[in-house]
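Structure first, commentary second.
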Amino acid sequence: MPIRRLPPETVNRIAAGEVVERPASAIKELVENALDAGASRVEIQADGGGLTRILIADDGKGIPKDELPLAVERHATSKLEPDDAGDVDLLRIHTLGFRGEALPSIGSVARLTITTRARDEADAWAVTVDGGDQRPVAPAGFPGPHGARVEVRDLFYATPARLKFMKSERSEAMAISEEIKRQAMAHEAVAFTLSLDGKVTLRLPAEHPGFEGRLKRLGALLGRDFEANALLIDQERDGVRLSGYAGLPTYSRGNAAHQFLFVNGRPVRDRLLQGALRGAYADFLARDRHPAAALFLDIDPLYVDVNVHPAKAEVRFRDPALVRGLIVGALRHALHAAGHRASTTVAADALSGFRPHTGEALYSPTSPSAQSFGNAAPGWSGWQGWSQPAAAAQNLPGLNERSARVEHTWSGQAAAPSFRTLGEIQAEHAGQIAPGAPPPADLIDYPLGAARAQLHGTYIVAQTRDGLVVVDQHAAHERLVYERMKTQMATGAVTRQALLTPEVVELDPAEAERVAAKADELAEMGLIVEAFGVGAVLVRETPALLGDTDVQGLIRDIADDLSEHGAALSLKERMAEVCGTMACHGSVRAGRVLSAPDMNALLRQMEATPHSGQCNHGRPTYVELKLNDLEKLFGRR
């Protein structure tokens with residue numbers, strides 16, 4: 001069969017298949033055009049899941065009459081300018097759209113009408129494209145002083161086969177809603193209104209540009225819980241800036257649906273960014289939990305390629321290691337600064353479990369509590385002086401600076417976990433007290449308060465100045481031990497163990513070369529490898545913490561990580577898992593009765609240790625209930 005040129009109509013429909021995959025992608029392109037035009041208000045209407053009708057109206061600068069025919073011509077755009085030599089640099093993209101394919105692609109498979117009034121023109125004009133057939137520009141009415149209204153009817157009517165691949169109208173409407181939410185997150189200073197089948201489903205006023213306005217916009221879209229539990233991210237490295245908000249580990253989700261990533265204001269789906277986000281939370285979340293985050297990366301367009309795919313949802317970075325390092329470092333810095341803070345949803349979930357008892361009286365003259373109130377009930381550990389908590393807590397032996405270290409020796413354990421006394425911890429904890437000021441006179445002035453009792457040998461109940469705190473002693477001490485182990489790894493060389501027989505791991509030649517090139521980095525983590533001919537590496541030593549590990553699987557996982565992300569994540573994650581396992585076995589177990597000094601020392605260590613608000617699996621280590629919440633439970637408020 002001879003080579004032939006395809007008809008222009010066929011070429012346009014092929015292009016439409018790449019650019020306009022579904023109604024949501026058509027709306028994405030049209031909204032980006034409005035934003036590029038400087039719109040401060042964008043209104044979106046969609047009927048029948050966007051297949052029946054789409055309308056995008058904006059108050060941007062509009063399109064001049066003489067440019068309307070070019071607007072619907074393929075590869076004609078106002079967003080790229082040639083240099084003096086007539087060359088166009090596709091690496092310096094400063095706008096959301098630039099390919100000049102969206103409008104002609106939509107017009108080739110639907111009935112497209114563009115009505116516009118340019119900022120400097122008195123009259124409004126319209127152009128229509130019906131299944132690729134362009135009609136002459138004609139006068140039209142326009143409601144505003146300037147801007148554009150783009151209406152799309154009967155999407156894909158010219159390509160009936162495409163309609164068979166569309167999902168239900170409800171599914172398409174949900175996809176449209178998610179797309180508008182992503183665009184609204186990236187442009188908080190723009191007002192958005194979305195109407196689906198004549199009903200307004202989203203109305204977002206313009207917010208003040210900047211962090212405060214962005215957080216308010218994110219709270220409107222992701223919920224007030226996200227707004228209350230989000231950590232500010234703002235760091236820059238080598239001209240690349242990362243900003244946005246990330247949720248506390250205890251505000252985690254069951255999937256990655258609440259992760260939103262943007263590059264130069266453009267919503268993207270990028271494995272490098274997603275992997276960096278996962279890596280930053282590796283110490284705090286179990287593998288089946290996912291952080292919530294909205295992260296915005298601003299980078300010189302010269303160092304990122306957005307021309308990978310017509311949909312512009314994929315990007316490529318010139319220096320992926322720099323981008324990944326910035327994301328991991330910025331997130332971990334924010335998590336470290338959060339200290340022992342836990343999410344507000346923890347308390348809300350706890351309060352929702354309380355139910356007032358309004359049935360028959362719980363008290364009778366023969367009840368055990370009536371006969372002997374002074375004796376502790378099963379599962380309750382108290383001490384004399386409970387009725388006078390402030391005085392009792394301050395006079396308990398072991399809580400002053402002269403008290404000795406409290407040690408516990410556990411059966412079956414070689415090393416005994418220990419708690420430091422209050423005096424030893426105050427030196428580290430002094431950062432929360434103004435310089436030169438005396439320490440708090442009462443333990444309840446500390447963030448986690450004064451221990452009052454232990455329930456079921458597992459939970460510590462502490463009183464704060466404005467409420468109470470319930471601590472899971474095992475989960476809390478597990479995090480403390482884990483953080484100490486990480487510190488030891490960071491301050492000294494990781495102990496290595498030599499393999500009795502060096503192990504050869506066969507890989508693809510390119511994979512083997514990548515692993516061998518990272519030999520120095522791997523050596524810092526205790527893994528000694530070297531090239532072994534073509535397509536293989538030799539492993540001589542492994543980190544002692546890993547014990548009897550699967551060397552073959554470890555090296556292959558590292559090779560996969562290097563291929564995908566350019567960083568050896570698997571080893572770091574495995575080390576973290578091993579540290580977590582060891583911390584779990586070396587921690588105070590649930591069911592162990594603790595004395596008052598033990599419990600107070602644990603609380604003080606939690607306050608002085610970063611990330612102590614959640615265990616190694618992302619679960620909360622404590623729940624704080626404010627006095628106002630308690631009063632509401634009993635109808636006092």
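FYI, nothing fancy with the structure tokens labels: chains A, B, ... in order, residues from 1 per chain, ligands from 1 as they appear.
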Quick one: everything within 6 Å of stretch 244-256 of chain A, counting only C-alpha atoms, minus sequence neighbours fewer than 2 positions away in the same chain. Send it as number ranges by chain. A: 229-233, 258-259, 289-296, 343, 618-620
Give me the residues within 8 Å of stretch 466-474 of chain A as a ChimeraX atom specification, counting only C-alpha atoms and dropping any in the same chain fewer than 3 places off. /A:448-449,458-463,477-478,587-590,621-628,630
Using DSSP assignments from the backbone, pull out every residue in stretch 246-342 of chain A that falls under alpha helix (DSSP H) and give it to me as a PyMOL selection string. chain A and resi 271-280+320-337
Could those residues be written to a file, using N, CA and C atoms, as a CSV table (one decimal), in the first residue's frame?
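The new file part-v4.csv reads:
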chain,number,residue,atom,x,y,z
A,271,ARG,N,5.2,10.4,38.9
A,271,ARG,CA,5.6,9.3,39.8
A,271,ARG,C,6.8,9.8,40.7
A,272,LEU,N,7.6,10.7,40.2
A,272,LEU,CA,8.7,11.2,41.0
A,272,LEU,C,8.2,11.9,42.2
A,273,LEU,N,7.2,12.8,41.9
A,273,LEU,CA,6.7,13.6,43.0
A,273,LEU,C,5.9,12.8,44.0
A,274,GLN,N,5.1,11.8,43.5
A,274,GLN,CA,4.4,10.9,44.4
A,274,GLN,C,5.3,10.1,45.2
A,275,GLY,N,6.4,9.6,44.6
A,275,GLY,CA,7.3,8.8,45.3
A,275,GLY,C,8.0,9.6,46.4
A,276,ALA,N,8.4,10.8,46.1
A,276,ALA,CA,9.0,11.7,47.1
A,276,ALA,C,8.1,11.9,48.3
A,277,LEU,N,6.8,12.2,48.0
A,277,LEU,CA,5.8,12.4,49.1
A,277,LEU,C,5.7,11.1,49.9
A,278,ARG,N,5.7,10.0,49.3
A,278,ARG,CA,5.6,8.7,50.1
A,278,ARG,C,6.9,8.6,50.9
A,279,GLY,N,8.0,8.9,50.3
A,279,GLY,CA,9.3,8.7,51.1
A,279,GLY,C,9.4,9.6,52.3
A,280,ALA,N,8.8,10.8,52.2
A,280,ALA,CA,8.9,11.8,53.3
A,280,ALA,C,8.1,11.3,54.5
A,320,PRO,N,16.0,15.5,38.5
A,320,PRO,CA,15.0,14.8,39.4
A,320,PRO,C,15.5,14.7,40.8
A,321,ALA,N,16.8,14.4,41.0
A,321,ALA,CA,17.3,14.3,42.3
A,321,ALA,C,17.2,15.5,43.2
A,322,LEU,N,17.4,16.7,42.5
A,322,LEU,CA,17.2,18.0,43.2
A,322,LEU,C,15.7,18.1,43.7
A,323,VAL,N,14.8,17.8,42.8
A,323,VAL,CA,13.4,18.0,43.1
A,323,VAL,C,13.0,17.0,44.2
A,324,ARG,N,13.4,15.8,44.1
A,324,ARG,CA,13.0,14.8,45.1
A,324,ARG,C,13.6,15.2,46.4
A,325,GLY,N,14.9,15.6,46.4
A,325,GLY,CA,15.5,15.9,47.7
A,325,GLY,C,14.8,17.1,48.4
A,326,LEU,N,14.4,18.1,47.6
A,326,LEU,CA,13.7,19.3,48.1
A,326,LEU,C,12.4,18.9,48.7
A,327,ILE,N,11.6,18.0,48.1
A,327,ILE,CA,10.3,17.6,48.6
A,327,ILE,C,10.4,16.8,49.9
A,328,VAL,N,11.3,15.8,49.9
A,328,VAL,CA,11.5,15.0,51.1
A,328,VAL,C,12.0,15.9,52.2
A,329,GLY,N,13.0,16.8,51.9
A,329,GLY,CA,13.6,17.6,53.0
A,329,GLY,C,12.6,18.6,53.5
A,330,ALA,N,11.8,19.2,52.7
A,330,ALA,CA,10.8,20.2,53.1
A,330,ALA,C,9.7,19.6,54.0
A,331,LEU,N,9.2,18.4,53.5
A,331,LEU,CA,8.2,17.8,54.3
A,331,LEU,C,8.7,17.3,55.6
A,332,ARG,N,9.9,16.7,55.7
A,332,ARG,CA,10.4,16.2,56.9
A,332,ARG,C,10.7,17.4,57.9
A,333,HIS,N,11.1,18.5,57.4
A,333,HIS,CA,11.4,19.7,58.2
A,333,HIS,C,10.0,20.1,58.8
A,334,ALA,N,9.0,20.1,58.1
A,334,ALA,CA,7.7,20.6,58.6
A,334,ALA,C,7.2,19.5,59.6
A,335,LEU,N,7.3,18.3,59.3
A,335,LEU,CA,6.9,17.2,60.3
A,335,LEU,C,7.7,17.3,61.6
A,336,HIS,N,9.0,17.6,61.5
A,336,HIS,CA,9.8,17.7,62.7
A,336,HIS,C,9.4,18.9,63.5
A,337,ALA,N,9.1,20.0,62.8
A,337,ALA,CA,8.6,21.3,63.5
A,337,ALA,C,7.3,21.1,64.2
Nearest to A:Glu179 by atom-to-atom distance, counting only C-alpha atoms, from A:Val152, A:Leu507, A:Ala24, A:Val494: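 Of A:Val152, A:Leu507, A:Ala24, A:Val494, the one nearest A:Glu179, counting only C-alpha atoms, is A:Ala24.
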Tell me which protein, DNA and RNA residues are within 10 Å of A:Lys312, counting only C-alpha atoms, leaving out same-chain ones fewer than 6 positions away, and put them as a list in words.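 That gives Val19, Glu29, Leu96, Gly97, Phe98, Arg99, Arg266, Pro267, Val268, Arg269, Asp305 and Val306 of chain A.
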I'd like the interatomic distance between atom CA of A:Ala601 and atom CA of A:Arg465, to a tenth of an Å.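 These atoms are spaced 18.1 Å apart.
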Which residues come within 10 Å of A:Thr95, counting only C-alpha atoms, excluding same-chain residues fewer than 4 positions away, as a PyMOL selection string? chain A and resi 32-33+35-37+79-80+264-266+301
Measuring between only C-alpha atoms, which one of A:Ala161, A:Arg119, A:Asp66, A:Ala510 shows the shortest distance to A:Pro136?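 Using only C-alpha atoms, A:Pro136 sits closest to A:Asp66.
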So what do you get for atom CA of A:Arg53 versus atom CA of A:Arg153, distance-wise?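 For atom CA of A:Arg53 relative to atom CA of A:Arg153, the distance reads 4.4 Å.
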Selection near A:Arg117, 10 Å with only C-alpha atoms, sequence-local residues under 4 positions removed, as a list in words: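 My reading of the contact set: Asp59, Gly60, Lys61, Gly62, Ile63, Pro64, Lys65, Glu121, Ala122, Asp123, Ala124, Trp125, Ala126, Ala140, Gly141, Phe142, Pro143, Gly144, Pro145, His146, Gly147, Ala148 and Arg149 of chain A.
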Can those selected residues be exported to a file as a compact mmCIF listing (two decimals), in the first residue's frame so that it contains all heavy atoms?
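And here's out36.txt as it stands now:
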# COMPACT_ATOMS: atom_id res chain seq x y z
N ASP A 59 -13.89 36.43 32.37
CA ASP A 59 -13.77 37.88 32.20
C ASP A 59 -12.33 38.26 31.84
O ASP A 59 -11.84 39.29 32.28
CB ASP A 59 -14.22 38.60 33.47
CG ASP A 59 -13.38 38.22 34.68
OD1 ASP A 59 -12.55 37.28 34.59
OD2 ASP A 59 -13.52 38.88 35.73
N GLY A 60 -11.68 37.40 31.07
CA GLY A 60 -10.30 37.67 30.65
C GLY A 60 -10.23 38.74 29.57
O GLY A 60 -11.20 39.46 29.30
N LYS A 61 -9.09 38.83 28.93
CA LYS A 61 -8.86 39.92 27.96
C LYS A 61 -9.60 39.71 26.65
O LYS A 61 -9.70 40.64 25.83
CB LYS A 61 -7.37 40.07 27.70
CG LYS A 61 -6.72 38.84 27.08
CD LYS A 61 -5.22 39.05 26.93
CE LYS A 61 -4.56 37.83 26.32
NZ LYS A 61 -3.10 38.00 26.19
N GLY A 62 -10.14 38.49 26.41
CA GLY A 62 -10.88 38.25 25.19
C GLY A 62 -9.98 38.02 23.97
O GLY A 62 -8.75 38.11 24.06
N ILE A 63 -10.63 37.72 22.82
CA ILE A 63 -9.90 37.45 21.57
C ILE A 63 -10.30 38.51 20.54
O ILE A 63 -11.49 38.70 20.28
CB ILE A 63 -10.25 36.05 21.02
CG1 ILE A 63 -9.99 34.98 22.09
CG2 ILE A 63 -9.45 35.76 19.76
CD1 ILE A 63 -10.43 33.59 21.68
N PRO A 64 -9.36 39.22 19.96
CA PRO A 64 -9.70 40.20 18.91
C PRO A 64 -10.39 39.53 17.73
O PRO A 64 -10.17 38.35 17.44
CB PRO A 64 -8.34 40.78 18.52
CG PRO A 64 -7.45 40.51 19.69
CD PRO A 64 -7.92 39.22 20.28
N LYS A 65 -11.21 40.30 17.03
CA LYS A 65 -12.00 39.76 15.91
C LYS A 65 -11.12 39.11 14.85
O LYS A 65 -11.40 38.00 14.38
CB LYS A 65 -12.83 40.88 15.28
CG LYS A 65 -13.55 40.48 14.01
CD LYS A 65 -14.16 41.66 13.30
CE LYS A 65 -14.77 41.27 11.96
NZ LYS A 65 -15.30 42.43 11.22
N GLU A 121 -12.02 46.42 22.33
CA GLU A 121 -12.99 46.48 21.24
C GLU A 121 -14.39 46.72 21.78
O GLU A 121 -14.76 46.22 22.85
CB GLU A 121 -12.96 45.18 20.43
CG GLU A 121 -11.64 44.97 19.68
CD GLU A 121 -11.68 43.74 18.79
OE1 GLU A 121 -12.70 43.01 18.82
OE2 GLU A 121 -10.70 43.51 18.06
N ALA A 122 -15.18 47.48 21.03
CA ALA A 122 -16.53 47.81 21.46
C ALA A 122 -17.53 46.71 21.12
O ALA A 122 -18.53 46.52 21.84
CB ALA A 122 -16.98 49.12 20.82
N ASP A 123 -17.28 45.96 20.06
CA ASP A 123 -18.23 44.96 19.60
C ASP A 123 -17.78 43.55 19.98
O ASP A 123 -16.59 43.28 20.18
CB ASP A 123 -18.40 45.05 18.08
CG ASP A 123 -18.95 46.40 17.65
OD1 ASP A 123 -19.80 46.94 18.39
OD2 ASP A 123 -18.50 46.92 16.60
N ALA A 124 -18.75 42.64 20.03
CA ALA A 124 -18.47 41.23 20.29
C ALA A 124 -18.66 40.43 19.02
O ALA A 124 -19.49 40.77 18.17
CB ALA A 124 -19.39 40.71 21.39
N TRP A 125 -17.91 39.34 18.92
CA TRP A 125 -17.93 38.52 17.70
C TRP A 125 -17.93 37.05 18.08
O TRP A 125 -17.54 36.68 19.19
CB TRP A 125 -16.72 38.84 16.82
CG TRP A 125 -16.63 40.28 16.46
CD1 TRP A 125 -16.02 41.28 17.15
CD2 TRP A 125 -17.21 40.89 15.30
NE1 TRP A 125 -16.18 42.47 16.52
CE2 TRP A 125 -16.90 42.27 15.36
CE3 TRP A 125 -17.95 40.42 14.21
CZ2 TRP A 125 -17.30 43.17 14.40
CZ3 TRP A 125 -18.36 41.31 13.25
CH2 TRP A 125 -18.04 42.68 13.33
N ALA A 126 -18.37 36.22 17.13
CA ALA A 126 -18.45 34.78 17.39
C ALA A 126 -17.99 34.01 16.17
O ALA A 126 -18.14 34.46 15.03
CB ALA A 126 -19.88 34.38 17.75
N ALA A 140 -22.07 39.24 17.46
CA ALA A 140 -22.79 38.49 18.49
C ALA A 140 -22.98 39.35 19.72
O ALA A 140 -22.34 40.39 19.89
CB ALA A 140 -22.01 37.21 18.85
N GLY A 141 -23.89 38.93 20.58
CA GLY A 141 -24.10 39.62 21.84
C GLY A 141 -23.18 39.05 22.91
O GLY A 141 -22.85 37.86 22.91
N PHE A 142 -22.76 39.92 23.84
CA PHE A 142 -21.86 39.47 24.92
C PHE A 142 -22.23 40.23 26.19
O PHE A 142 -22.37 41.46 26.17
CB PHE A 142 -20.40 39.73 24.55
CG PHE A 142 -19.42 39.06 25.48
CD1 PHE A 142 -19.11 37.72 25.32
CD2 PHE A 142 -18.84 39.76 26.52
CE1 PHE A 142 -18.23 37.09 26.18
CE2 PHE A 142 -17.95 39.14 27.38
CZ PHE A 142 -17.64 37.78 27.21
N PRO A 143 -22.43 39.54 27.31
CA PRO A 143 -22.96 40.20 28.51
C PRO A 143 -21.97 41.10 29.24
O PRO A 143 -22.38 42.01 29.96
CB PRO A 143 -23.38 39.03 29.39
CG PRO A 143 -22.50 37.90 28.96
CD PRO A 143 -22.28 38.08 27.49
N GLY A 144 -20.68 40.87 29.11
CA GLY A 144 -19.72 41.63 29.91
C GLY A 144 -18.91 42.60 29.08
O GLY A 144 -18.98 42.61 27.85
N PRO A 145 -18.08 43.42 29.74
CA PRO A 145 -17.26 44.39 29.01
C PRO A 145 -16.16 43.72 28.20
O PRO A 145 -15.74 44.24 27.17
CB PRO A 145 -16.67 45.26 30.13
CG PRO A 145 -16.73 44.41 31.36
CD PRO A 145 -17.94 43.56 31.21
N HIS A 146 -15.67 42.58 28.65
CA HIS A 146 -14.65 41.84 27.90
C HIS A 146 -14.60 40.41 28.44
O HIS A 146 -15.08 40.11 29.53
CB HIS A 146 -13.28 42.51 28.01
CG HIS A 146 -12.84 42.75 29.43
ND1 HIS A 146 -12.30 41.78 30.22
CD2 HIS A 146 -12.90 43.89 30.19
CE1 HIS A 146 -12.01 42.29 31.41
NE2 HIS A 146 -12.39 43.57 31.41
N GLY A 147 -14.01 39.53 27.67
CA GLY A 147 -13.91 38.14 28.06
C GLY A 147 -14.31 37.21 26.93
O GLY A 147 -14.36 37.62 25.76
N ALA A 148 -14.62 35.96 27.29
CA ALA A 148 -14.98 34.97 26.28
C ALA A 148 -15.97 33.98 26.85
O ALA A 148 -15.98 33.71 28.07
CB ALA A 148 -13.73 34.24 25.78
N ARG A 149 -16.83 33.45 25.97
CA ARG A 149 -17.76 32.37 26.30
C ARG A 149 -17.57 31.28 25.26
O ARG A 149 -17.79 31.51 24.07
CB ARG A 149 -19.21 32.87 26.29
CG ARG A 149 -19.54 33.85 27.40
CD ARG A 149 -20.91 34.48 27.20
NE ARG A 149 -21.97 33.48 27.23
CZ ARG A 149 -22.59 33.08 28.33
NH1 ARG A 149 -22.26 33.61 29.51
NH2 ARG A 149 -23.56 32.19 28.28
Just checking: using only C-alpha atoms, which residue out of A:Pro447, A:Ile555, A:Leu302, A:Pro597 ends up closest to A:Arg92?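 Using only C-alpha atoms, A:Arg92 sits closest to A:Leu302.
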Counting only C-alpha atoms, the option among A:Val534, A:Ala559, A:Ala544, A:Ile299 closest to A:Ile93: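 Closest residue, counting only C-alpha atoms: A:Ile299.
Nearest residue to A:Glu151 among A:Met166, A:Met599, A:Ala175, A:Leu30 is A:Leu30, counting only C-alpha atoms.
Atom CA of A:Ala228 is positioned 25.5 Å from atom CA of A:Arg636.
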Go through A:Asp58, A:Asp561, A:Asp598, A:Glu521 and flag the residue nearest A:Glu43, using only C-alpha atoms for the distances. A:Asp58
